[in-house]
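**Q** What follows is a structure written as structure tokens; I'll ask about it next.
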Amino acid sequence: MGYYDDNQSRAKQTKRGMNWFLPSTFGAIVGASVMLVAAPLVSNVEQSSTNQAAVTTTASGDVETSNVAYNVSSDITTAVQKAQDAVVSITSYQNQGSGFSLEDPSGQSGQAAASGSGVIYKNEGGKAYVVTNNHVVEGASSVDVTLSNEKKAEAKVLGTDALMDLAVLEIDAKNVEAVAELGSSSSLQTGEPAIAVGNPLGFLQGSVTQGIISNPSRTIPVDLDQNGQPDYEADVIQTDASINPGNSGGALINIKGQLIGINSSKIAEETVEGIGFAIPIDDAQPIIEQLEMTGEVKRPVMGVTPASLAEVPTQYWTGTLNLPEGVESGVVLMGIAPNSPASDAGLKERDVVVKLDDTEVKDSAALRKYLYSNKKVGDKMDVTFYRDGKQQTVTMTLANQNGL
């Protein structure tokens, strides 16, 4: 019995010892098992990641890997695909020669004077029509257009407009593959996507930059004669989409791929980035139509040579001009064209215009702005002005002629 009791006691002690040993041992075994199972999985994941480095893009826009497929298409890529083929590169030449020579087998003896971009907006009757900036083709003796398919075409300049910085070209349509869809610039909202397509630096054809509409209706001064004084106030679209030299005349499109503006200029100061401008398509369209049909833009004129009152030294305001106190802005008439609307209405040199119809005009840029935005040839217009210290109003009938 004693032997049996001792064995039984030992068995009980052994059993009590196993109480702490079994859970610990079981945990170790399970942990080891998990590691044995997980190691191949980790290896497979690493191998899978390595395999994904081989990426293939399908015709539908899907990207396929050994284990993953996803789509790289977006609203932006769709918009670009819709509009890109309607954007062309433009090269203008000066002093064009004629004939074939070994030195110049193309027959172009002139040098490239400027490069820019353009947009095909119409294809009709075997001809395609391209809108670009006036400064891209200004003074050119010949102009070449390079399509998105790299086909070249000689262009005919149908008309230009320095004020709006627009020009219309005509080319043979045999190689043209796309025409831009016109959108609306009047419905643009600040912050919506904007995409610029063009030919920056003159050789990066078909480049695309993306940003937002910074301001859909910004007014900036335009100095046409480079005398330091603004001649016109232009309404433009401001965008932070990158617009570089060579982008001039290219397309600004919306997220639907529609043409909303013609890229025109860029602030290029060292301390300024992300400020570009485009001519709103709603403003450009009537100008484009006139240039295509007649080669010129008919605008109403008064027949005067204007100067902003701010350009005149203040000592002459109450002296030579005899202005009453309180008149601090307006337009001084420095000249009156004979047989013009202004002369017929009785206006004279040194009259100071302060109002057109019911709209105040503070400078010559505002005067032009009102004329070109609100009046047509043949319209009547009231002109309020000061002469010899007295305010007067006359009515004139606007005409179409050279000058203002």
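Ordering of the structure tokens sets the chain letters (A, B, ...); residue numbers start at 1 within each chain; ligands are numbered from 1 in the order shown.
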Taking only stretch 193-284 of chain A into account, list the residues labelled helix (DSSP H, G or I) by DSSP (computed from the backbone), as a list in words.
**A** Pro200, Leu201, Gly202, Ile281, Asp282, Asp283 and Ala284 of chain A
**Q** Can you pull out the residues contacting A:Thr393? Cut-off 8 Å, using only C-alpha atoms, and skip same-chain residues under 6 positions away; I want them as a list in words.
**A** Asp382, Val383, Thr384 and Phe385 of chain A
**Q** Let me see the file: selected residues, N, CA and C atoms, as a PDB file, in the first residue's frame.
**A**
```pdb
ATOM      1  N   ASP A 382     -25.207 108.983 -75.610  1.00  0.00           N
ATOM      2  CA  ASP A 382     -25.092 110.279 -74.938  1.00  0.00           C
ATOM      3  C   ASP A 382     -23.687 110.426 -74.353  1.00  0.00           C
ATOM      4  N   VAL A 383     -23.118 111.620 -74.505  1.00  0.00           N
ATOM      5  CA  VAL A 383     -21.785 111.909 -73.984  1.00  0.00           C
ATOM      6  C   VAL A 383     -21.885 113.115 -73.049  1.00  0.00           C
ATOM      7  N   THR A 384     -21.523 112.901 -71.786  1.00  0.00           N
ATOM      8  CA  THR A 384     -21.515 113.987 -70.803  1.00  0.00           C
ATOM      9  C   THR A 384     -20.067 114.429 -70.586  1.00  0.00           C
ATOM     10  N   PHE A 385     -19.822 115.744 -70.650  1.00  0.00           N
ATOM     11  CA  PHE A 385     -18.454 116.251 -70.587  1.00  0.00           C
ATOM     12  C   PHE A 385     -18.437 117.637 -69.940  1.00  0.00           C
TER      13      PHE A 385
END
```
**Q** Please report, as a tab-separated table, each residue of stretch 144-237 of chain A lying at most 12 Å from stretch 291-299 of chain A, together with the nearest pair of atoms and the separation in Å rounded to one decimal; use only C-alpha atoms, and order rows by chain and ascending residue number.
**A**
```
residue	atom	partner	partner_atom	distance
A:Lys156	CA	A:Glu292	CA	11.0
A:Val157	CA	A:Gly295	CA	8.6
A:Leu158	CA	A:Gly295	CA	5.3
A:Gly159	CA	A:Gly295	CA	4.0
A:Thr160	CA	A:Leu291	CA	6.6
A:Asp161	CA	A:Val297	CA	6.9
A:Ala162	CA	A:Val297	CA	10.0
A:Leu163	CA	A:Val297	CA	9.8
A:Met164	CA	A:Val297	CA	10.0
A:Asp165	CA	A:Val297	CA	11.8
A:Leu166	CA	A:Leu291	CA	8.9
A:Ala167	CA	A:Leu291	CA	7.3
A:Val168	CA	A:Glu292	CA	6.3
A:Leu169	CA	A:Glu292	CA	8.1
A:Glu170	CA	A:Glu292	CA	8.6
```
**Q** Measuring between only C-alpha atoms, which one of A:Gly139, A:Gly257, A:Gly228, A:Gly126 shows the shortest distance to A:Ala194?
**A**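 Ranked by minimum distance to A:Ala194, first place goes to A:Gly257.
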**Q** Using only C-alpha atoms, find the one residue out of A:Val394, A:Val131, A:Ala114, A:Val87 that sits nearest to A:Asp344.
**A**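 Using only C-alpha atoms, the shortest distance to A:Asp344 belongs to A:Val394.
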**Q** Quick check, in Å to one decimal: how far apart do atom CA of A:Ser74 and atom CA of A:Ala180 lie?
**A**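 About the pair atom CA of A:Ser74 and atom CA of A:Ala180: they are 19.6 Å apart.
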**Q** Residues near A:Gln392, anyone? I mean within 12 Å using only C-alpha atoms, not counting same-chain ones fewer than 4 positions away, as a ChimeraX atom specification.
**A** /A:345-347,351-356,382-388
**Q** Show me, as a list in words, the residues that have an atom within 12 Å of A:Asn123 when counting only C-alpha atoms, minus same-chain residues fewer than 2 positions from it.
**A** Ala86, Val119, Ile120, Tyr121, Gly125, Gly126, Lys127, Ala128, Tyr129, Val130, Leu169, Glu170, Ile171, Asp172, Ala173, Lys174, Asn175, Val176, Glu177, Ala178, Val179, Ala180 and Glu181 of chain A
**Q** Taking 6 positions as the minimum chain separation for residues in the same chain, which residues sit within 8 Å of stretch 250-255 of chain A when counting only C-alpha atoms? Answer as JSON, numbers by chain.
**A** {"A": [75, 76, 79, 83, 87, 88, 116, 117, 118, 119, 132, 183, 193, 194, 195, 196, 197, 198, 199, 261, 262, 263, 264, 278]}
**Q** Keeping N, CA and C atoms for every residue in the selection just given, could you write it to a file as a PDB file, in the first residue's frame?
**A**
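File written: out06.pdb
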```pdb
ATOM      1  N   ASP A  75     -11.928  61.737 -65.346  1.00  0.00           N
ATOM      2  CA  ASP A  75     -12.601  62.807 -66.068  1.00  0.00           C
ATOM      3  C   ASP A  75     -11.598  63.666 -66.828  1.00  0.00           C
ATOM      4  N   ILE A  76     -10.420  63.845 -66.245  1.00  0.00           N
ATOM      5  CA  ILE A  76      -9.409  64.679 -66.896  1.00  0.00           C
ATOM      6  C   ILE A  76      -8.864  64.003 -68.148  1.00  0.00           C
ATOM      7  N   ALA A  79     -11.427  64.179 -70.851  1.00  0.00           N
ATOM      8  CA  ALA A  79     -11.529  65.528 -71.418  1.00  0.00           C
ATOM      9  C   ALA A  79     -10.386  65.806 -72.381  1.00  0.00           C
ATOM     10  N   ALA A  83     -10.369  66.639 -76.611  1.00  0.00           N
ATOM     11  CA  ALA A  83      -9.984  67.940 -77.182  1.00  0.00           C
ATOM     12  C   ALA A  83      -8.601  67.974 -77.807  1.00  0.00           C
ATOM     13  N   VAL A  87      -6.102  70.650 -81.125  1.00  0.00           N
ATOM     14  CA  VAL A  87      -5.095  71.664 -80.817  1.00  0.00           C
ATOM     15  C   VAL A  87      -3.893  71.456 -81.737  1.00  0.00           C
ATOM     16  N   VAL A  88      -3.428  72.544 -82.347  1.00  0.00           N
ATOM     17  CA  VAL A  88      -2.349  72.473 -83.325  1.00  0.00           C
ATOM     18  C   VAL A  88      -1.168  73.335 -82.885  1.00  0.00           C
ATOM     19  N   GLY A 116       3.589  79.147 -81.632  1.00  0.00           N
ATOM     20  CA  GLY A 116       2.492  79.170 -80.683  1.00  0.00           C
ATOM     21  C   GLY A 116       1.571  77.995 -80.904  1.00  0.00           C
ATOM     22  N   SER A 117       0.356  78.150 -80.479  1.00  0.00           N
ATOM     23  CA  SER A 117      -0.636  77.087 -80.568  1.00  0.00           C
ATOM     24  C   SER A 117      -1.903  77.635 -81.206  1.00  0.00           C
ATOM     25  N   GLY A 118      -2.794  76.741 -81.561  1.00  0.00           N
ATOM     26  CA  GLY A 118      -4.070  77.132 -82.134  1.00  0.00           C
ATOM     27  C   GLY A 118      -5.101  76.046 -81.888  1.00  0.00           C
ATOM     28  N   VAL A 119      -6.358  76.374 -82.173  1.00  0.00           N
ATOM     29  CA  VAL A 119      -7.445  75.423 -81.955  1.00  0.00           C
ATOM     30  C   VAL A 119      -8.315  75.366 -83.209  1.00  0.00           C
ATOM     31  N   THR A 132      -6.191  81.467 -83.147  1.00  0.00           N
ATOM     32  CA  THR A 132      -4.961  81.587 -82.388  1.00  0.00           C
ATOM     33  C   THR A 132      -4.851  83.019 -81.884  1.00  0.00           C
ATOM     34  N   GLY A 183     -17.609  75.340 -75.524  1.00  0.00           N
ATOM     35  CA  GLY A 183     -18.360  75.372 -74.279  1.00  0.00           C
ATOM     36  C   GLY A 183     -18.851  76.781 -74.009  1.00  0.00           C
ATOM     37  N   PRO A 193     -12.241  72.679 -62.310  1.00  0.00           N
ATOM     38  CA  PRO A 193     -11.020  72.290 -63.024  1.00  0.00           C
ATOM     39  C   PRO A 193     -10.857  73.048 -64.343  1.00  0.00           C
ATOM     40  N   ALA A 194      -9.607  73.315 -64.685  1.00  0.00           N
ATOM     41  CA  ALA A 194      -9.255  73.946 -65.959  1.00  0.00           C
ATOM     42  C   ALA A 194      -8.036  73.215 -66.512  1.00  0.00           C
ATOM     43  N   ILE A 195      -8.045  72.949 -67.803  1.00  0.00           N
ATOM     44  CA  ILE A 195      -6.975  72.182 -68.444  1.00  0.00           C
ATOM     45  C   ILE A 195      -6.464  72.965 -69.643  1.00  0.00           C
ATOM     46  N   ALA A 196      -5.153  73.210 -69.688  1.00  0.00           N
ATOM     47  CA  ALA A 196      -4.534  73.927 -70.808  1.00  0.00           C
ATOM     48  C   ALA A 196      -3.829  72.932 -71.709  1.00  0.00           C
ATOM     49  N   VAL A 197      -4.087  73.058 -73.023  1.00  0.00           N
ATOM     50  CA  VAL A 197      -3.462  72.183 -74.012  1.00  0.00           C
ATOM     51  C   VAL A 197      -2.771  73.072 -75.038  1.00  0.00           C
ATOM     52  N   GLY A 198      -1.513  72.766 -75.332  1.00  0.00           N
ATOM     53  CA  GLY A 198      -0.811  73.611 -76.287  1.00  0.00           C
ATOM     54  C   GLY A 198       0.570  73.105 -76.626  1.00  0.00           C
ATOM     55  N   ASN A 199       1.410  74.034 -77.090  1.00  0.00           N
ATOM     56  CA  ASN A 199       2.723  73.721 -77.624  1.00  0.00           C
ATOM     57  C   ASN A 199       3.794  74.560 -76.921  1.00  0.00           C
ATOM     58  N   GLY A 261     -11.821  78.817 -73.398  1.00  0.00           N
ATOM     59  CA  GLY A 261     -10.980  79.995 -73.525  1.00  0.00           C
ATOM     60  C   GLY A 261      -9.802  79.759 -74.450  1.00  0.00           C
ATOM     61  N   ILE A 262      -9.256  80.870 -74.975  1.00  0.00           N
ATOM     62  CA  ILE A 262      -8.046  80.827 -75.795  1.00  0.00           C
ATOM     63  C   ILE A 262      -6.910  81.390 -74.942  1.00  0.00           C
ATOM     64  N   ASN A 263      -5.948  80.552 -74.605  1.00  0.00           N
ATOM     65  CA  ASN A 263      -4.839  80.981 -73.770  1.00  0.00           C
ATOM     66  C   ASN A 263      -4.095  82.125 -74.444  1.00  0.00           C
ATOM     67  N   SER A 264      -3.821  83.184 -73.657  1.00  0.00           N
ATOM     68  CA  SER A 264      -3.278  84.375 -74.298  1.00  0.00           C
ATOM     69  C   SER A 264      -2.018  84.925 -73.654  1.00  0.00           C
ATOM     70  N   ALA A 278      -6.713  83.607 -70.107  1.00  0.00           N
ATOM     71  CA  ALA A 278      -7.299  83.123 -71.352  1.00  0.00           C
ATOM     72  C   ALA A 278      -8.450  84.026 -71.750  1.00  0.00           C
TER      73      ALA A 278
END
```
**Q** What's the 8 Å shell around A:Ala337, counting only C-alpha atoms, without same-chain residues fewer than 5 positions away, as an NGL selection string?
**A** :A and (303-304 or 342-343)
**Q** May I have a table of the residues of stretch 257-311 of chain A lying at most 8 Å from stretch 364-379 of chain A, giving each one's closest pair of atoms and their distance in Å to one decimal, counting only C-alpha atoms, ordered by chain and ascending residue number, as CSV?
**A**
```
residue,atom,partner,partner_atom,distance
A:Lys298,CA,A:Val377,CA,7.4
A:Arg299,CA,A:Val377,CA,6.3
A:Pro300,CA,A:Val377,CA,4.5
A:Val301,CA,A:Leu371,CA,7.5
A:Pro306,CA,A:Ser364,CA,5.9
A:Ala307,CA,A:Ser364,CA,5.8
A:Ser308,CA,A:Ser364,CA,5.2
```
**Q** Deliver the residues from the most recent selection as a file, using all heavy atoms, as a tab-separated table (two decimals), in the first residue's frame.
**A**
```tsv
chain	number	residue	atom	x	y	z
A	298	LYS	N	-15.55	95.01	-86.89
A	298	LYS	CA	-16.20	96.32	-86.94
A	298	LYS	C	-16.58	96.73	-85.53
A	298	LYS	O	-17.37	96.07	-84.87
A	298	LYS	CB	-17.44	96.26	-87.83
A	298	LYS	CG	-17.13	96.05	-89.30
A	298	LYS	CD	-18.41	96.08	-90.13
A	298	LYS	CE	-18.09	95.92	-91.61
A	298	LYS	NZ	-19.32	95.97	-92.45
A	299	ARG	N	-15.97	97.83	-85.09
A	299	ARG	CA	-16.28	98.35	-83.77
A	299	ARG	C	-16.74	99.79	-83.89
A	299	ARG	O	-16.29	100.53	-84.77
A	299	ARG	CB	-15.04	98.29	-82.87
A	299	ARG	CG	-14.65	96.87	-82.47
A	299	ARG	CD	-13.59	96.91	-81.37
A	299	ARG	NE	-13.28	95.57	-80.90
A	299	ARG	CZ	-12.29	94.83	-81.38
A	299	ARG	NH1	-11.52	95.31	-82.34
A	299	ARG	NH2	-12.07	93.63	-80.90
A	300	PRO	N	-17.63	100.21	-83.00
A	300	PRO	CA	-18.09	101.60	-83.04
A	300	PRO	C	-16.99	102.56	-82.59
A	300	PRO	O	-16.20	102.23	-81.69
A	300	PRO	CB	-19.26	101.61	-82.06
A	300	PRO	CG	-18.94	100.50	-81.10
A	300	PRO	CD	-18.24	99.44	-81.90
A	301	VAL	N	-16.90	103.71	-83.24
A	301	VAL	CA	-15.89	104.70	-82.88
A	301	VAL	C	-16.54	106.07	-82.72
A	301	VAL	O	-17.58	106.36	-83.30
A	301	VAL	CB	-14.77	104.78	-83.94
A	301	VAL	CG1	-13.99	103.48	-83.99
A	301	VAL	CG2	-15.33	105.13	-85.30
A	306	PRO	N	-8.19	110.00	-77.19
A	306	PRO	CA	-8.43	110.17	-75.75
A	306	PRO	C	-7.15	110.10	-74.93
A	306	PRO	O	-6.16	109.48	-75.31
A	306	PRO	CB	-9.33	108.99	-75.43
A	306	PRO	CG	-8.85	107.92	-76.35
A	306	PRO	CD	-8.38	108.60	-77.61
A	307	ALA	N	-7.18	110.72	-73.77
A	307	ALA	CA	-6.12	110.60	-72.77
A	307	ALA	C	-6.76	110.65	-71.40
A	307	ALA	O	-7.67	111.46	-71.16
A	307	ALA	CB	-5.10	111.73	-72.93
A	308	SER	N	-6.33	109.79	-70.53
A	308	SER	CA	-6.88	109.77	-69.17
A	308	SER	C	-6.51	111.06	-68.45
A	308	SER	O	-5.39	111.57	-68.58
A	308	SER	CB	-6.35	108.56	-68.39
A	308	SER	OG	-6.71	107.35	-69.03
```
